[in-house]
Each structure stands twice: as structure tokens, then as C-alpha cells.
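Pasting upload-v3.cif here (mmCIF, C-alpha atoms and all ligand atoms):
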data_work
loop_
_atom_site.label_atom_id
_atom_site.label_comp_id
_atom_site.auth_asym_id
_atom_site.auth_seq_id
_atom_site.Cartn_x
_atom_site.Cartn_y
_atom_site.Cartn_z
CA MET A 16 -54.18 -39.79 2.22
CA THR A 17 -54.20 -36.19 3.36
CA ALA A 18 -52.58 -35.10 6.61
CA VAL A 19 -55.09 -33.74 9.11
CA GLU A 20 -53.40 -30.37 9.62
CA PRO A 21 -50.33 -28.54 8.38
CA ARG A 22 -46.99 -29.20 9.98
CA THR A 23 -45.23 -26.70 12.20
CA LEU A 24 -41.80 -25.97 10.85
CA ALA A 25 -39.69 -26.32 13.98
CA PRO A 26 -36.25 -24.77 14.09
CA PRO A 27 -34.13 -27.57 12.60
CA GLU A 28 -31.45 -27.21 15.21
CA ARG A 29 -31.27 -29.07 18.50
CA ARG A 30 -31.55 -26.75 21.50
CA THR A 31 -30.90 -27.27 25.18
CA VAL A 32 -33.63 -26.28 27.60
CA GLU A 33 -33.68 -26.26 31.39
CA VAL A 34 -35.37 -29.00 33.37
CA VAL A 35 -37.55 -27.50 36.12
CA GLY A 36 -39.12 -30.66 37.49
CA CYS A 37 -39.02 -34.44 37.22
CA GLU A 38 -41.40 -36.31 39.51
CA ALA A 39 -42.91 -39.76 39.78
CA LEU A 40 -46.67 -39.95 39.22
CA GLY A 41 -47.79 -43.49 40.01
CA ALA A 42 -46.08 -45.75 37.46
CA TYR A 43 -45.03 -42.80 35.25
CA THR A 44 -42.74 -39.76 35.47
CA VAL A 45 -43.69 -36.17 34.67
CA LEU A 46 -40.80 -34.15 33.24
CA TRP A 47 -41.10 -30.33 33.07
CA ALA A 48 -38.76 -28.05 31.11
CA ILE A 49 -38.77 -24.40 30.01
CA ASP A 50 -38.33 -23.84 26.27
CA ARG A 51 -37.45 -20.20 25.53
CA ASP A 52 -36.34 -20.49 21.89
CA GLY A 53 -38.85 -22.83 20.23
CA PRO A 54 -42.30 -22.23 18.71
CA ARG A 55 -44.69 -20.93 21.38
CA GLU A 56 -47.78 -22.89 20.35
CA PRO A 57 -47.14 -26.57 19.68
CA ARG A 58 -50.36 -28.36 18.72
CA PRO A 59 -51.71 -31.35 20.67
CA GLY A 60 -50.48 -34.54 19.03
CA GLN A 61 -47.16 -33.06 17.91
CA PHE A 62 -43.98 -34.42 19.43
CA TYR A 63 -40.40 -33.58 20.36
CA MET A 64 -37.22 -35.64 19.97
CA LEU A 65 -35.58 -35.68 23.41
CA SER A 66 -32.22 -36.62 24.85
CA THR A 67 -30.31 -35.49 27.91
CA ALA A 68 -27.63 -32.81 27.50
CA GLU A 69 -25.22 -34.99 29.51
CA ARG A 70 -24.69 -38.72 29.91
CA TRP A 71 -26.74 -39.79 26.89
CA GLY A 72 -25.14 -43.04 25.80
CA GLY A 73 -21.54 -43.96 26.42
CA GLY A 74 -22.41 -46.76 28.87
CA ALA A 75 -21.69 -50.46 28.52
CA CYS A 76 -23.71 -50.92 25.29
CA GLU A 77 -23.58 -47.24 24.23
CA ARG A 78 -27.40 -46.96 24.29
CA PRO A 79 -29.27 -44.67 24.26
CA TYR A 80 -27.54 -43.18 21.23
CA LEU A 81 -30.39 -41.66 19.19
CA PRO A 82 -32.88 -39.19 20.73
CA ARG A 83 -36.35 -40.53 21.57
CA ALA A 84 -39.81 -39.28 20.46
CA PHE A 85 -42.27 -37.91 23.04
CA SER A 86 -45.64 -36.21 22.68
CA PHE A 87 -45.88 -33.13 24.84
CA ALA A 88 -48.57 -33.45 27.49
CA ARG A 89 -48.88 -29.74 28.35
CA ALA A 90 -47.45 -26.46 27.05
CA LEU A 91 -48.08 -23.48 29.32
CA GLN A 92 -47.04 -19.93 28.39
CA GLU A 93 -44.47 -18.74 30.92
CA GLY A 94 -42.64 -15.40 30.68
CA ASP A 95 -40.51 -15.44 27.54
CA GLY A 96 -41.01 -19.14 26.87
CA ILE A 97 -43.24 -22.15 27.38
CA ARG A 98 -43.26 -24.68 30.19
CA LEU A 99 -43.43 -28.09 28.53
CA ALA A 100 -44.59 -31.25 30.32
CA PHE A 101 -43.80 -34.78 29.14
CA LEU A 102 -45.29 -37.94 30.61
CA LEU A 103 -42.74 -40.78 30.51
CA GLU A 104 -42.98 -44.52 30.91
CA GLU A 105 -39.63 -46.18 31.66
CA VAL A 106 -39.26 -49.01 29.16
CA GLY A 107 -35.57 -48.90 28.22
CA PRO A 108 -32.29 -46.95 28.45
CA GLY A 109 -33.60 -43.69 26.94
CA THR A 110 -36.67 -43.32 29.12
CA GLU A 111 -34.72 -44.47 32.19
CA ARG A 112 -32.06 -41.78 31.65
CA LEU A 113 -34.68 -39.06 31.01
CA ALA A 114 -36.50 -40.03 34.22
CA GLN A 115 -33.27 -39.42 36.20
CA LEU A 116 -33.13 -35.72 35.23
CA LYS A 117 -33.14 -33.15 38.03
CA PRO A 118 -34.13 -29.47 38.13
CA GLY A 119 -31.31 -27.41 36.61
CA ASP A 120 -30.17 -30.21 34.26
CA GLY A 121 -30.16 -29.71 30.48
CA LEU A 122 -32.67 -31.41 28.18
CA SER A 123 -31.81 -31.47 24.45
CA LEU A 124 -34.80 -31.25 22.15
CA VAL A 125 -35.91 -30.79 18.57
CA GLY A 126 -39.52 -29.89 17.90
CA PRO A 127 -42.42 -29.53 17.84
CA LEU A 128 -42.53 -32.04 14.99
CA GLY A 129 -45.18 -33.74 12.86
CA VAL A 130 -48.88 -33.22 12.34
CA GLY A 131 -51.09 -33.03 15.42
CA PHE A 132 -54.83 -33.34 16.02
CA ARG A 133 -57.13 -31.21 13.86
CA PRO A 134 -60.04 -29.43 15.63
CA PRO A 135 -63.27 -31.49 15.82
CA ARG A 136 -65.55 -31.36 12.81
CA GLU A 137 -68.47 -28.91 13.11
CA GLY A 138 -71.33 -30.22 15.28
CA ARG A 139 -69.50 -33.30 16.57
CA ARG A 140 -68.74 -33.99 20.23
CA PRO A 141 -65.10 -34.94 20.83
CA LEU A 142 -64.63 -38.34 22.47
CA LEU A 143 -61.04 -38.74 23.70
CA VAL A 144 -59.73 -42.28 24.18
CA GLY A 145 -56.31 -42.90 25.76
CA GLY A 146 -54.50 -46.11 26.56
CA GLY A 147 -51.54 -46.15 28.98
CA ILE A 148 -48.80 -43.69 28.10
CA GLY A 149 -50.95 -42.72 25.07
CA THR A 150 -52.79 -40.55 27.55
CA ALA A 151 -50.04 -37.89 27.18
CA PRO A 152 -51.20 -36.01 24.04
CA LEU A 153 -54.85 -36.22 25.12
CA LEU A 154 -54.08 -34.11 28.18
CA CYS A 155 -53.27 -30.93 26.21
CA LEU A 156 -56.01 -31.77 23.71
CA SER A 157 -58.66 -32.02 26.45
CA ASP A 158 -57.46 -28.65 27.86
CA ASP A 159 -58.17 -27.07 24.44
CA LEU A 160 -61.63 -28.58 23.83
CA GLU A 161 -65.04 -27.72 25.21
CA GLY A 162 -66.99 -30.52 26.85
CA PRO A 163 -65.02 -33.55 25.65
CA ALA A 164 -65.81 -37.01 27.01
CA VAL A 165 -62.48 -38.47 28.21
CA MET A 166 -62.04 -42.26 28.50
CA LEU A 167 -58.76 -43.67 29.77
CA GLY A 168 -57.54 -47.25 30.04
CA PHE A 169 -54.55 -48.41 32.10
CA ARG A 170 -52.94 -51.63 33.29
CA SER A 171 -53.49 -50.86 36.98
CA ALA A 172 -54.30 -48.17 39.55
CA ALA A 173 -50.60 -47.16 39.66
CA HIS A 174 -50.73 -46.26 35.95
CA ALA A 175 -54.19 -44.71 36.33
CA ALA A 176 -52.64 -42.05 38.61
CA ALA A 177 -52.05 -40.13 35.35
CA ALA A 178 -55.81 -39.49 35.13
CA ALA A 179 -55.43 -36.96 37.98
CA LEU A 180 -53.65 -34.62 35.53
CA PHE A 181 -56.87 -34.07 33.57
CA ALA A 182 -58.97 -31.00 34.38
CA ALA A 183 -61.94 -32.63 32.60
CA GLU A 184 -63.90 -35.47 34.20
CA THR A 185 -62.56 -38.86 33.11
CA GLN A 186 -64.02 -42.37 32.80
CA LEU A 187 -61.50 -45.03 33.80
CA ALA A 188 -60.96 -48.69 32.96
CA THR A 189 -58.11 -50.91 34.19
CA ASP A 190 -56.96 -54.36 33.07
CA ASP A 191 -56.88 -55.65 36.65
CA GLY A 192 -59.91 -53.76 37.99
CA SER A 193 -57.83 -51.90 40.59
CA ALA A 194 -59.30 -48.54 39.48
CA GLY A 195 -62.46 -47.70 37.56
CA ARG A 196 -64.20 -50.35 35.49
CA HIS A 197 -62.57 -53.78 35.19
CA GLY A 198 -62.10 -54.06 31.43
CA LEU A 199 -60.97 -52.27 28.29
CA VAL A 200 -61.25 -48.60 27.48
CA THR A 201 -62.86 -49.56 24.16
CA GLU A 202 -65.84 -50.93 26.15
CA LEU A 203 -66.28 -47.41 27.57
CA LEU A 204 -66.03 -46.02 24.03
CA ALA A 205 -68.62 -48.47 22.67
CA SER A 206 -71.23 -47.40 25.26
CA GLU A 207 -70.43 -43.70 24.72
CA LEU A 208 -70.90 -44.17 20.96
CA ASP A 209 -74.25 -45.87 21.64
CA SER A 210 -75.52 -42.69 23.33
CA GLU A 211 -73.78 -40.02 21.23
CA ALA A 212 -75.19 -39.64 17.72
CA HIS A 213 -72.69 -37.03 16.50
CA ALA A 214 -69.23 -37.86 17.75
CA GLU A 215 -65.66 -37.59 16.57
CA VAL A 216 -63.04 -39.78 18.24
CA PHE A 217 -59.49 -38.73 19.12
CA ALA A 218 -57.34 -41.63 20.29
CA CYS A 219 -53.79 -42.51 21.31
CA GLY A 220 -52.57 -45.77 22.78
CA PRO A 221 -51.04 -49.12 21.94
CA PRO A 222 -51.59 -50.54 18.43
CA ALA A 223 -54.18 -53.14 19.54
CA MET A 224 -56.26 -50.44 21.24
CA LEU A 225 -56.03 -48.12 18.23
CA GLU A 226 -57.10 -50.94 15.93
CA ALA A 227 -60.13 -51.67 18.14
CA VAL A 228 -61.01 -47.94 18.10
CA ARG A 229 -60.58 -47.81 14.31
CA ALA A 230 -62.82 -50.85 13.79
CA LEU A 231 -65.56 -49.55 16.16
CA CYS A 232 -65.59 -46.17 14.43
CA ALA A 233 -65.55 -47.67 10.93
CA GLU A 234 -68.55 -49.89 11.80
CA ARG A 235 -70.52 -46.85 12.98
CA GLU A 236 -69.18 -44.40 10.38
CA VAL A 237 -67.79 -42.13 13.09
CA PRO A 238 -64.73 -40.06 12.09
CA ALA A 239 -61.61 -40.73 14.15
CA GLN A 240 -58.14 -39.26 14.40
CA LEU A 241 -55.49 -41.66 15.68
CA ALA A 242 -52.13 -40.59 17.15
CA MET A 243 -49.90 -43.51 16.22
CA GLU A 244 -46.44 -44.70 17.21
CA SER A 245 -43.54 -46.19 15.38
CA GLY A 246 -39.85 -46.44 16.22
CA MET A 247 -38.32 -43.11 15.15
CA ALA A 248 -34.64 -42.57 14.47
CA CYS A 249 -34.58 -38.98 13.14
CA GLY A 250 -38.09 -37.50 13.68
CA PHE A 251 -37.99 -35.24 10.62
CA GLY A 252 -38.39 -37.37 7.52
CA ALA A 253 -34.82 -38.35 6.70
CA CYS A 254 -34.45 -42.03 7.65
CA PHE A 255 -37.76 -43.68 6.58
CA GLY A 256 -37.56 -45.78 9.75
CA CYS A 257 -41.08 -44.84 10.83
CA VAL A 258 -43.11 -45.75 7.72
CA VAL A 259 -46.62 -47.17 8.19
CA PRO A 260 -48.91 -48.73 5.58
CA THR A 261 -52.07 -46.78 4.62
CA ARG A 262 -54.73 -47.28 1.94
CA GLU A 263 -52.67 -44.98 -0.28
CA GLY A 264 -49.27 -46.52 0.32
CA TYR A 265 -46.62 -45.93 2.94
CA LEU A 266 -46.38 -42.72 4.97
CA ARG A 267 -43.60 -41.47 7.22
CA LEU A 268 -45.30 -41.15 10.57
CA CYS A 269 -42.92 -38.42 11.79
CA VAL A 270 -43.84 -35.93 9.05
CA ASP A 271 -47.24 -37.13 7.75
CA GLY A 272 -48.41 -38.07 11.29
CA PRO A 273 -48.25 -39.07 14.05
CA VAL A 274 -51.97 -38.18 13.88
CA LEU A 275 -53.69 -39.89 10.93
CA GLU A 276 -57.34 -40.10 9.89
CA ALA A 277 -58.59 -43.61 10.74
CA SER A 278 -60.49 -43.78 7.43
CA GLY A 279 -57.15 -43.85 5.57
CA LEU A 280 -55.98 -47.01 7.34
CA GLU A 281 -56.71 -50.68 6.65
CA THR A 282 -55.48 -51.38 10.17
CA ALA A 283 -53.99 -49.36 13.03
CA SER A 284 -52.11 -52.31 14.45
CA ALA A 285 -49.44 -52.64 11.76
CA PRO A 286 -46.82 -50.18 13.02
CA GLY A 287 -44.39 -51.44 15.56
CA GLY A 288 -41.45 -50.10 17.50
CA GLY A 289 -38.07 -51.66 17.32
CA HIS A 290 -35.16 -51.12 19.63
CA GLN A 291 -33.57 -47.81 18.80
CA GLY A 292 -29.85 -47.10 18.84
C1 LIG B 301 -44.76 -39.80 18.19
C2 LIG B 301 -44.38 -40.54 19.43
C3 LIG B 301 -44.77 -40.04 20.66
C4 LIG B 301 -44.42 -40.73 21.84
N1 LIG B 301 -44.81 -40.20 23.03
C5 LIG B 301 -44.43 -40.80 24.18
C6 LIG B 301 -44.77 -40.23 25.45
O1 LIG B 301 -45.44 -39.20 25.54
N2 LIG B 301 -44.33 -40.88 26.56
C7 LIG B 301 -43.58 -42.03 26.50
O2 LIG B 301 -43.19 -42.55 27.55
N3 LIG B 301 -43.27 -42.60 25.31
C8 LIG B 301 -43.66 -42.01 24.16
N4 LIG B 301 -43.31 -42.56 22.97
C9 LIG B 301 -42.54 -43.82 22.96
C10 LIG B 301 -41.09 -43.54 23.22
O3 LIG B 301 -40.51 -42.85 22.12
C11 LIG B 301 -40.36 -44.88 23.42
O4 LIG B 301 -40.90 -45.55 24.53
C12 LIG B 301 -38.89 -44.63 23.70
O5 LIG B 301 -38.30 -44.24 22.50
C13 LIG B 301 -38.23 -45.87 24.24
O6 LIG B 301 -36.86 -45.61 24.37
P1 LIG B 301 -36.00 -46.45 25.39
O7 LIG B 301 -34.56 -46.23 25.07
O8 LIG B 301 -36.42 -46.14 26.80
O9 LIG B 301 -36.42 -47.94 25.12
P2 LIG B 301 -36.01 -48.92 23.91
O10 LIG B 301 -35.00 -49.89 24.45
O11 LIG B 301 -35.66 -48.15 22.69
O12 LIG B 301 -37.40 -49.65 23.73
C14 LIG B 301 -37.96 -50.40 24.80
C15 LIG B 301 -39.07 -51.24 24.27
O13 LIG B 301 -40.10 -50.41 23.72
C16 LIG B 301 -40.29 -50.72 22.34
N5 LIG B 301 -40.46 -49.43 21.68
C17 LIG B 301 -39.58 -48.40 21.60
N6 LIG B 301 -40.10 -47.36 20.92
C18 LIG B 301 -41.35 -47.73 20.58
C19 LIG B 301 -42.39 -47.11 19.86
N7 LIG B 301 -42.27 -45.88 19.37
N8 LIG B 301 -43.53 -47.81 19.67
C20 LIG B 301 -43.69 -49.05 20.17
N9 LIG B 301 -42.74 -49.70 20.87
C21 LIG B 301 -41.58 -49.04 21.06
C22 LIG B 301 -39.04 -51.45 21.89
O14 LIG B 301 -39.32 -52.37 20.88
C23 LIG B 301 -38.64 -52.17 23.14
O15 LIG B 301 -39.35 -53.35 23.30
C24 LIG B 301 -43.66 -41.92 21.77
C25 LIG B 301 -43.27 -42.43 20.52
C26 LIG B 301 -43.63 -41.75 19.37
C27 LIG B 301 -43.21 -42.29 18.04
S1 LIG B 302 -38.19 -41.06 11.96
FE1 LIG B 302 -36.81 -40.78 10.32
S2 LIG B 302 -38.19 -40.61 8.61
FE2 LIG B 302 -39.51 -40.69 10.31
#
Let's see the structure in the file written out as C-alpha cells.
Ligand SMILES: Cc1cc2nc3c(=O)[nH]c(=O)nc-3n(C[C@H](O)[C@H](O)[C@H](O)COP(=O)(O)OP(=O)(O)OC[C@H]3O[C@@H](n4cnc5c(N)ncnc54)[C@H](O)[C@@H]3O)c2cc1C
Ligand code: FES
Amino acid sequence: MTAVEPRTLAPPERRTVEVVGCEALGAYTVLWAIDRDGPREPRPGQFYMLSTAERWGGGACERPYLPRAFSFARALQEGDGIRLAFLLEEVGPGTERLAQLKPGDGLSLVGPLGVGFRPPREGRRPLLVGGGIGTAPLLCLSDDLEGPAVMLGFRSAAHAAAAALFAAETQLATDDGSAGRHGLVTELLASELDSEAHAEVFACGPPAMLEAVRALCAEREVPAQLAMESGMACGFGACFGCVVPTREGYLRLCVDGPVLEASGLETASAPGGGHQG
């Protein structure tokens, strides 16, 4: 299977950048940092391996030890660098430590890494579909596109607070009905596909959501690009910890993805994330 766009060759070294903001947004945290030495134009869908410059590991169980993968949500040109935003969901020791950062602290990063979203095919309207924290890479993608339809699904209104970050109008669905439509984001996608003859779907979210998106698009022969997740130990192709099955064999998601063409996949629900060191 071919990758959807060429990779950016990031400087291989880890660099420390300055945190300029770290604020709660509903159930999530938005982390801002200024990167003065990295590539100036990361592409939506690419990711960075993050850790804190201080107090990363060394606690009772030594975790977090390895850096963690995060899509960037925004990259704004600022003076001699770029202001990067990451949207975090606290699920374990790495994300908890990152969410404790304060302005002036150091953030260690490597990136941008991987293959991001390719521009929409000629004559097709981009339909963006995000689930939960998978909303993050769709934010910078929606900033770059003209007239996308943006559909977002969350567990609850507290998680749906992330929708306020979008400049484009968004359609919302929540599992508990506390914001937007009571139901799944794929129901919003199905009705949008019913009314849009020439669409291309760009999606990021949990494996079950991506699989539902893949199946809907396959049924209707609509092209789709899926930003997928897998536990990542290195982020640059060395450990093979992130492999996912495709119609043409296994791919390393960190270098051949994380954005893959849906047509190359039997299923988008196979990859999983294990506990990382
Ligand atoms: C390309 C990519 C982009 C990502 N972008 C974001 C982002 O923008 N914002 C964000 O909050 N998170 C993002 N993630 C997920 C993030 O990397 C993990 O949540 C994080 O590594 C968890 O670290 P932890 O130490 O907090 O928790 P851990 O203790 O390592 O994990 C907590 C729980 O989450 C599960 N888990 C961990 N990593 C993954 C994974 N990659 N996929 C599925 N389940 C996992 C574990 O099995 C465990 O149950 C991204 C992952 C990838 C691969
Ligand atoms: S994370 Fe190590 S090869 Fe992909």
C-alpha cells in the first residue's frame, strides 16, 4: 500500500522547547509550546514524541519511561519559531505528567514524524470525522481546508468542549446526549454521505469508530484517509512496536502512517495500544 504523502524528515535529535500554556478545556488539556528549531510547517496528521524535560519517570514504578506520541492540533507561525498546540486526554502516567506542565517548563520533543493527511482529491468535498481525543489532528486540518463539513463525537458535554477550538462550524454527537445529537458520530457521517455525492472522508478516533467509518465509505465507494493509533515506543521506525495489518502486509504506523488510505485496510479496528514503558 502506498503512503498518502511523503514523510517530513524531522531532525533526529530530541530538542527541548518552552511551554507557554497548559490549560484545562472541559475533560481535556491544551498544551502550548514554542518550537524554534524544528521544521516550520508540520502537516496535519503528523505527530511528535513528547516527554517532559524534568521529572519524566523515576517514580514508584519508573513510568513514564518512554516518550509518548501526540498529534499536533495547531501550529501557528510565531517570530522565529512555531507555536504548537497539543490536545491531551489524561489516561495514564505520561499524559498526567504532561498535563502538569506550567509556562516556562521544558517540553522534550522529536518531530514532526510520520505521514499526515494528503490534500482532498480534486472535486471532492472534505468531510472530517473526529471521535474523542481523535479530534486533535482534525483541528489543524480544518484550518487548512475550504468549506469542510466537520462532525465530532464525544462521550459527554465535558469532552465536547474541544469543539469550541474549531473555527469551522461543527456537528456534534455525544454518547450520553448531553451535547448535540444523542448518538454516534458515524450517524452524522451517514446522513452527510447521503446528501453529498462527491465526498472524501478524513477521520481520526478510536478503532471502533474508524472501522465504522471505513465500512461506510467502502460500501459507498467514497475515498477515506484514516489517522490511526497504535502503541509507539520509538516513533521513527526502529522498534516495530506499532505495526498494523494491511491488505499488503504489515506496516509500521509511525513511518508509513499514522494516516493510511482506508482502501488498503481489511479493518481499521485491529491496531491496539498497550501499556508503554
Ligand atoms: C500517532 C498518535 C497520535 C496521538 N495523538 C494523541 C493526542 O493528540 N492526544 C492524546 O491525548 N493522545 C494521543 N495519542 C495517544 C497517546 O500517545 C497515549 O494516550 C499516551 O501514550 C498514553 O500514555 P500514558 O502514559 O498517559 O498512558 P499509558 O499507561 O501508557 O496508557 C493508558 C491506557 O491507554 C492505552 N493506550 C496507550 N497508548 C495508546 C494508543 N496509542 N492507542 C490506544 N490505546 C493506547 C493503554 O493500553 C492503557 O490502557 C496518540 C497516539 C498516537 C500513536
Ligand atoms: S514506534 Fe517504533 S517502529 Fe513504530
Determine the axis-aligned bounding box of all atoms of stretch 234-240 of chain A present in the file, pad each side by 3 Å, and express its centre and edge lengths in Å to one decimal place as JSON.
{"center_x": -64.3, "center_y": -44.6, "center_z": 12.4, "size_x": 18.4, "size_y": 16.6, "size_z": 10.0}
- Task: Could you give me the residues within 6 Å of ligand LIG 301 (chain B), counting only C-alpha atoms and all ligand atoms, as a list in words?
- Result: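 With only C-alpha atoms and all ligand atoms and a cut-off of 6 Å, ligand LIG 301 (chain B) is contacted by Phe62, Pro79, Arg83, Ala84, Phe85, Ser86, Phe101, Leu102, Leu103, Glu104, Glu105, Val106, Gly107, Pro108, Gly109, Thr110, Glu111, Ile148, Ala151, Glu244, Ser245, Gly246, Met247, Pro273, Gly287, Gly288, Gly289, His290 and Gln291 of chain A.
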Taking all atoms listed in the file into account, which residues have an atom no farther than 9 Å from ligand LIG 302 (chain B)? I'd like them as a PDB file with C-alpha atoms, keeping the file's coordinate frame.
ATOM      1  CA  ALA A  84     -39.810 -39.280  20.460  1.00  0.00           C
ATOM      2  CA  SER A 245     -43.540 -46.190  15.380  1.00  0.00           C
ATOM      3  CA  GLY A 246     -39.850 -46.440  16.220  1.00  0.00           C
ATOM      4  CA  MET A 247     -38.320 -43.110  15.150  1.00  0.00           C
ATOM      5  CA  ALA A 248     -34.640 -42.570  14.470  1.00  0.00           C
ATOM      6  CA  CYS A 249     -34.580 -38.980  13.140  1.00  0.00           C
ATOM      7  CA  GLY A 250     -38.090 -37.500  13.680  1.00  0.00           C
ATOM      8  CA  PHE A 251     -37.990 -35.240  10.620  1.00  0.00           C
ATOM      9  CA  GLY A 252     -38.390 -37.370   7.520  1.00  0.00           C
ATOM     10  CA  ALA A 253     -34.820 -38.350   6.700  1.00  0.00           C
ATOM     11  CA  CYS A 254     -34.450 -42.030   7.650  1.00  0.00           C
ATOM     12  CA  PHE A 255     -37.760 -43.680   6.580  1.00  0.00           C
ATOM     13  CA  GLY A 256     -37.560 -45.780   9.750  1.00  0.00           C
ATOM     14  CA  CYS A 257     -41.080 -44.840  10.830  1.00  0.00           C
ATOM     15  CA  VAL A 258     -43.110 -45.750   7.720  1.00  0.00           C
ATOM     16  CA  LEU A 266     -46.380 -42.720   4.970  1.00  0.00           C
ATOM     17  CA  ARG A 267     -43.600 -41.470   7.220  1.00  0.00           C
ATOM     18  CA  LEU A 268     -45.300 -41.150  10.570  1.00  0.00           C
ATOM     19  CA  CYS A 269     -42.920 -38.420  11.790  1.00  0.00           C
ATOM     20  CA  VAL A 270     -43.840 -35.930   9.050  1.00  0.00           C
ATOM     21  CA  ASP A 271     -47.240 -37.130   7.750  1.00  0.00           C
TER      22      ASP A 271
END
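Note that the spacing between atom CA of A:Arg140 and atom CA of A:Glu276 amounts to 16.6 Å.
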- Query: So which residues touch A:Gly53 within 9 Å, counting only C-alpha atoms, skipping near sequence neighbours fewer than 3 positions away, as a list in words?
  - Reply: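 Here the answer would be Ala25, Pro26, Arg30, Asp50, Glu56, Gly96, Ile97, Val125, Gly126 and Pro127 of chain A.
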- Could you name the residues that touch A:Cys155 at 9 Å or less, counting all atoms listed in the file, but leaving out those on the same chain fewer than 6 positions away, as a list in words?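 What passes the distance filter is Arg58, Pro59, Gly60, Phe87, Ala88, Arg89, Ala90 and Phe181 of chain A.
Ranking A:Pro238, A:Pro260, A:Gly36, A:Gly162 by their shortest atom-to-atom distance to A:Arg136, with only C-alpha atoms included, puts A:Pro238 first.
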- Pick from A:Leu113, A:Leu231, A:Ala218, A:Ala194: nearest to A:Ser157, with only C-alpha atoms counted?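 Looking at the shortest contact to A:Ser157, the residue is A:Ala218.
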Here's a test: counting only C-alpha atoms, identify every protein, DNA and RNA residue with an atom at most 12 Å from (-53.8, -42.8, 39.5) in the file's coordinate frame, and state them as a PDB file with C-alpha atoms, keeping the file's coordinate frame.
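Written output follows (selection24.pdb):
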ATOM      1  CA  ALA A  39     -42.910 -39.760  39.780  1.00  0.00           C
ATOM      2  CA  LEU A  40     -46.670 -39.950  39.220  1.00  0.00           C
ATOM      3  CA  GLY A  41     -47.790 -43.490  40.010  1.00  0.00           C
ATOM      4  CA  ALA A  42     -46.080 -45.750  37.460  1.00  0.00           C
ATOM      5  CA  TYR A  43     -45.030 -42.800  35.250  1.00  0.00           C
ATOM      6  CA  GLY A 147     -51.540 -46.150  28.980  1.00  0.00           C
ATOM      7  CA  LEU A 167     -58.760 -43.670  29.770  1.00  0.00           C
ATOM      8  CA  GLY A 168     -57.540 -47.250  30.040  1.00  0.00           C
ATOM      9  CA  PHE A 169     -54.550 -48.410  32.100  1.00  0.00           C
ATOM     10  CA  ARG A 170     -52.940 -51.630  33.290  1.00  0.00           C
ATOM     11  CA  SER A 171     -53.490 -50.860  36.980  1.00  0.00           C
ATOM     12  CA  ALA A 172     -54.300 -48.170  39.550  1.00  0.00           C
ATOM     13  CA  ALA A 173     -50.600 -47.160  39.660  1.00  0.00           C
ATOM     14  CA  HIS A 174     -50.730 -46.260  35.950  1.00  0.00           C
ATOM     15  CA  ALA A 175     -54.190 -44.710  36.330  1.00  0.00           C
ATOM     16  CA  ALA A 176     -52.640 -42.050  38.610  1.00  0.00           C
ATOM     17  CA  ALA A 177     -52.050 -40.130  35.350  1.00  0.00           C
ATOM     18  CA  ALA A 178     -55.810 -39.490  35.130  1.00  0.00           C
ATOM     19  CA  ALA A 179     -55.430 -36.960  37.980  1.00  0.00           C
ATOM     20  CA  LEU A 180     -53.650 -34.620  35.530  1.00  0.00           C
ATOM     21  CA  PHE A 181     -56.870 -34.070  33.570  1.00  0.00           C
ATOM     22  CA  THR A 185     -62.560 -38.860  33.110  1.00  0.00           C
ATOM     23  CA  LEU A 187     -61.500 -45.030  33.800  1.00  0.00           C
ATOM     24  CA  ALA A 188     -60.960 -48.690  32.960  1.00  0.00           C
ATOM     25  CA  THR A 189     -58.110 -50.910  34.190  1.00  0.00           C
ATOM     26  CA  SER A 193     -57.830 -51.900  40.590  1.00  0.00           C
ATOM     27  CA  ALA A 194     -59.300 -48.540  39.480  1.00  0.00           C
ATOM     28  CA  GLY A 195     -62.460 -47.700  37.560  1.00  0.00           C
TER      29      GLY A 195
END
- Query: Distance atom CA of A:Leu225-atom CA of A:Leu241, one decimal place?
  - Reply: 7.0 Å
- Item | Point-to-point distance from atom CA of A:Asp191 to atom CA of A:Ala100, Å rounded to tenths | 28.0 Å
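Among the candidates A:Asp95, A:Leu160, A:Tyr63, A:Trp47, the residue lying nearest to A:Ala114 is A:Trp47 (atoms considered: all atoms listed in the file).
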- Choose the residue, out of A:Thr67, A:Thr282, A:Gln186, A:Thr31, that has the smallest atom-to-atom separation from A:Lys117; count only C-alpha atoms.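 Closest to A:Lys117, using only C-alpha atoms: A:Thr67.
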- Using only C-alpha atoms, can you list as a PyMOL selection string the residues within 10 Å of (-67.7, -42.6, 14.2)? chain A and resi 139+142+208+211-216+228-239+277-278
